[in-house]
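Undergrad: Pasting in a structure now, in structure tokens, and then I'll have a few things to ask.
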Amino acid sequence: MRDQYLNEIIRRGNELAVLEQAALAFPKKASPVRWIVAAACGVFVMIFPSVCTAHAFFQMI
Amino acid sequence: MAEDRELAARLKAGDTEALEQLITRWRAGAEAYAGCILHDSQAAEDAVQEAFARIYAFRTGLDGQCSFSAYLFTIVRRICVDELRKRKRFPDLPGELPEPPVESAEEVYLRNRERLERIHLLAELEETDRKLLLAFSLEGKPTKQIAGEMKMSDGQVRVRLHRIRGKLRKGMGRDA
């Protein structure tokens, strides 16, 4: 029975398996929580040097 | 003659001889069941062939706790319902479909819901969407390159990818 019927099932099954791999590898959309965490990190990186500089300045005077 | 569970275990390992034996054993019964739902012998044959293909794609998820026939009939039923929906003869969820002549079919579906649902969704994707998904996600091509190859605009590619993501997320209940 290894005929066209079986070969077509295997071909289609393999096609679906590859598509499933692609679906699992589909880049995830960033969730709002990730955006908030990223923004918080960005703000921290921007502000931290200024705070350190101000602290050093006040220590000097 | 080998038991279904033994054949399913061999199929899980990629043995196509086992698949062949399972087809020989269950094809007629599954086609009869699909025929009861679809009332169309050609469509029933196509539905069963597609069901075997989806099981082949799902083979690594087969477990020894449920029978092969439970997987098969659950998937056949799903394909038949989708086919009826496409024909718009049965737009609502079925309430009076014949029950599969095997036990624990619902249990199978519930246990493997996410993966089976993903395979069903991917099987229903249009040809263009399938190519886009493969090119973008698996081959890692940028959208501009895909647009050039498929003779579409970059915007069209992005919109289609966004819709594919939405379909997968909606169907699979994951943060796709």
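Chains: A, B, ... in order of the structure tokens. Residues: from 1 per chain. Ligands: from 1, in order shown.
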Dump as JSON, numbers by chain the residues of chain B that approach chain A to within 10 Å, counting only C-alpha atoms.

TA: {"B": [16, 17, 19, 20, 21, 23, 24, 48, 49, 50, 51, 52, 53, 54, 55, 56, 57, 58, 59, 115, 118, 119, 120, 121, 122, 123, 125, 130, 131, 133, 134, 135, 136, 137, 138, 139, 140, 161, 162, 164, 165, 168, 169, 174, 175, 176]}

Undergrad: Write out, as a CSV table (one decimal), in the first residue's frame, the residues just selected, with N, CA and C atoms.

TA:
```csv
chain,number,residue,atom,x,y,z
B,16,THR,N,7.3,4.6,9.1
B,16,THR,CA,6.2,4.7,8.2
B,16,THR,C,5.5,3.4,7.9
B,17,GLU,N,6.2,2.3,8.2
B,17,GLU,CA,5.5,1.0,8.0
B,17,GLU,C,4.4,0.9,9.0
B,19,LEU,N,2.7,3.4,10.3
B,19,LEU,CA,1.6,4.3,9.8
B,19,LEU,C,0.8,3.5,8.7
B,20,GLU,N,1.5,2.8,7.8
B,20,GLU,CA,0.8,2.1,6.8
B,20,GLU,C,-0.2,1.0,7.4
B,21,GLN,N,0.3,0.4,8.4
B,21,GLN,CA,-0.6,-0.7,9.0
B,21,GLN,C,-1.8,0.0,9.7
B,23,ILE,N,-3.1,2.8,8.9
B,23,ILE,CA,-4.0,3.2,7.8
B,23,ILE,C,-4.9,2.1,7.3
B,24,THR,N,-4.3,1.0,7.1
B,24,THR,CA,-5.0,-0.2,6.6
B,24,THR,C,-6.1,-0.6,7.6
B,48,VAL,N,-10.2,12.1,5.8
B,48,VAL,CA,-9.5,11.1,6.5
B,48,VAL,C,-8.0,11.1,6.1
B,49,GLN,N,-7.7,11.4,4.8
B,49,GLN,CA,-6.3,11.5,4.4
B,49,GLN,C,-5.7,12.6,5.1
B,50,GLU,N,-6.4,13.8,5.2
B,50,GLU,CA,-5.8,14.9,5.9
B,50,GLU,C,-5.6,14.6,7.4
B,51,ALA,N,-6.6,13.8,8.0
B,51,ALA,CA,-6.4,13.5,9.4
B,51,ALA,C,-5.2,12.6,9.6
B,52,PHE,N,-4.9,11.7,8.7
B,52,PHE,CA,-3.7,10.9,8.9
B,52,PHE,C,-2.5,11.8,8.7
B,53,ALA,N,-2.5,12.8,7.8
B,53,ALA,CA,-1.4,13.7,7.7
B,53,ALA,C,-1.2,14.5,8.9
B,54,ARG,N,-2.3,14.9,9.6
B,54,ARG,CA,-2.1,15.7,10.8
B,54,ARG,C,-1.6,14.9,11.9
B,55,ILE,N,-2.0,13.6,12.0
B,55,ILE,CA,-1.5,12.7,13.0
B,55,ILE,C,0.0,12.5,12.7
B,56,TYR,N,0.4,12.4,11.5
B,56,TYR,CA,1.8,12.2,11.2
B,56,TYR,C,2.6,13.4,11.6
B,57,ALA,N,2.1,14.6,11.4
B,57,ALA,CA,2.7,15.8,11.9
B,57,ALA,C,2.8,15.8,13.4
B,58,PHE,N,1.8,15.2,14.1
B,58,PHE,CA,1.7,15.3,15.5
B,58,PHE,C,2.3,14.1,16.2
B,59,ARG,N,2.9,13.2,15.4
B,59,ARG,CA,3.3,11.9,15.9
B,59,ARG,C,4.2,11.9,17.2
B,115,ARG,N,-1.3,21.8,21.1
B,115,ARG,CA,-0.6,21.3,20.0
B,115,ARG,C,-1.5,21.0,18.8
B,118,ARG,N,-2.8,24.0,17.2
B,118,ARG,CA,-1.8,24.7,16.4
B,118,ARG,C,-1.7,24.0,15.0
B,119,ILE,N,-1.7,22.6,15.0
B,119,ILE,CA,-1.6,21.9,13.7
B,119,ILE,C,-2.8,22.2,12.9
B,120,HIS,N,-4.0,22.2,13.5
B,120,HIS,CA,-5.2,22.5,12.7
B,120,HIS,C,-5.1,23.9,12.1
B,121,LEU,N,-4.7,24.9,12.9
B,121,LEU,CA,-4.6,26.2,12.4
B,121,LEU,C,-3.6,26.3,11.2
B,122,LEU,N,-2.5,25.7,11.4
B,122,LEU,CA,-1.5,25.7,10.3
B,122,LEU,C,-1.9,25.0,9.1
B,123,ALA,N,-2.7,24.0,9.2
B,123,ALA,CA,-3.2,23.2,8.1
B,123,ALA,C,-4.2,24.1,7.3
B,125,LEU,N,-4.0,27.4,6.9
B,125,LEU,CA,-3.4,28.6,6.4
B,125,LEU,C,-3.4,28.6,4.9
B,130,ARG,N,1.4,30.5,4.3
B,130,ARG,CA,2.4,29.4,4.6
B,130,ARG,C,3.8,29.8,4.2
B,131,LYS,N,3.9,30.3,2.9
B,131,LYS,CA,5.2,30.7,2.4
B,131,LYS,C,5.8,31.8,3.2
B,133,LEU,N,5.2,32.6,6.4
B,133,LEU,CA,5.6,32.1,7.7
B,133,LEU,C,6.9,31.4,7.6
B,134,LEU,N,7.1,30.6,6.6
B,134,LEU,CA,8.4,29.8,6.5
B,134,LEU,C,9.5,30.8,6.2
B,135,ALA,N,9.3,31.7,5.2
B,135,ALA,CA,10.3,32.7,4.8
B,135,ALA,C,10.8,33.6,6.0
B,136,PHE,N,9.8,34.1,6.7
B,136,PHE,CA,10.1,35.0,7.8
B,136,PHE,C,10.6,34.3,9.1
B,137,SER,N,9.9,33.3,9.5
B,137,SER,CA,10.2,32.7,10.8
B,137,SER,C,11.3,31.6,10.7
B,138,LEU,N,11.2,30.8,9.7
B,138,LEU,CA,12.2,29.7,9.7
B,138,LEU,C,13.5,30.1,8.9
B,139,GLU,N,13.3,30.8,7.8
B,139,GLU,CA,14.5,31.2,7.0
B,139,GLU,C,15.1,32.5,7.5
B,140,GLY,N,14.3,33.2,8.3
B,140,GLY,CA,14.8,34.5,8.9
B,140,GLY,C,15.0,35.6,7.9
B,161,LEU,N,1.8,39.1,8.0
B,161,LEU,CA,2.5,38.5,9.1
B,161,LEU,C,1.8,38.8,10.5
B,162,HIS,N,1.4,40.1,10.6
B,162,HIS,CA,0.6,40.5,11.8
B,162,HIS,C,-0.7,39.6,11.9
B,164,ILE,N,-1.2,36.6,10.7
B,164,ILE,CA,-0.8,35.2,11.0
B,164,ILE,C,-0.5,35.1,12.5
B,165,ARG,N,0.2,36.1,13.0
B,165,ARG,CA,0.5,36.1,14.4
B,165,ARG,C,-0.7,36.1,15.3
B,168,LEU,N,-2.5,32.7,15.1
B,168,LEU,CA,-1.8,31.7,16.0
B,168,LEU,C,-2.0,32.0,17.4
B,169,ARG,N,-2.0,33.3,17.8
B,169,ARG,CA,-2.2,33.7,19.2
B,169,ARG,C,-3.6,33.3,19.7
B,174,ARG,N,-1.5,31.6,23.3
B,174,ARG,CA,-0.2,31.9,23.8
B,174,ARG,C,0.3,33.2,23.3
B,175,ASP,N,1.3,33.7,23.9
B,175,ASP,CA,1.8,35.0,23.6
B,175,ASP,C,2.6,35.0,22.3
B,176,ALA,N,2.0,34.7,21.2
B,176,ALA,CA,2.7,34.6,19.9
B,176,ALA,C,3.2,35.9,19.4
```

Undergrad: What is the distance between CA of Tyr33 in chain B and CA of Glu99 in chain B, in Å to one decimal?

TA: 8.8 Å

Undergrad: What residues in range 16-140 of chain B get the DSSP label helix (DSSP H, G or I)? Please answer as an MDAnalysis selection string.

TA: chainID B and resid 16:38 41:61 68:87 105:111 113:124 127:138

Undergrad: Counting only C-alpha atoms, which of B:Asp40, B:Glu126, B:Asp154, B:Asp46 gets nearest to Ile79 in chain B?

TA: B:Asp46

Undergrad: Neighbouring residues of Cys80 in chain B were defined as those with any atom within 10 Å, considering only C-alpha atoms; residues of the same chain fewer than 6 positions away were excluded. Please report them as an NGL selection string.

TA: :B and (33-38 or 43-44 or 46-48 or 51 or 86 or 97)

Undergrad: Go through B:Val159, B:Leu84, B:Ala147, B:Val76 one by one, measure the shortest atom-to-atom distance of each to Arg27 in chain B using only C-alpha atoms, and give the residue with the smallest value.

TA: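 Going through B:Val159, B:Leu84, B:Ala147, B:Val76 one by one, the smallest distance to Arg27 in chain B is for B:Val76.
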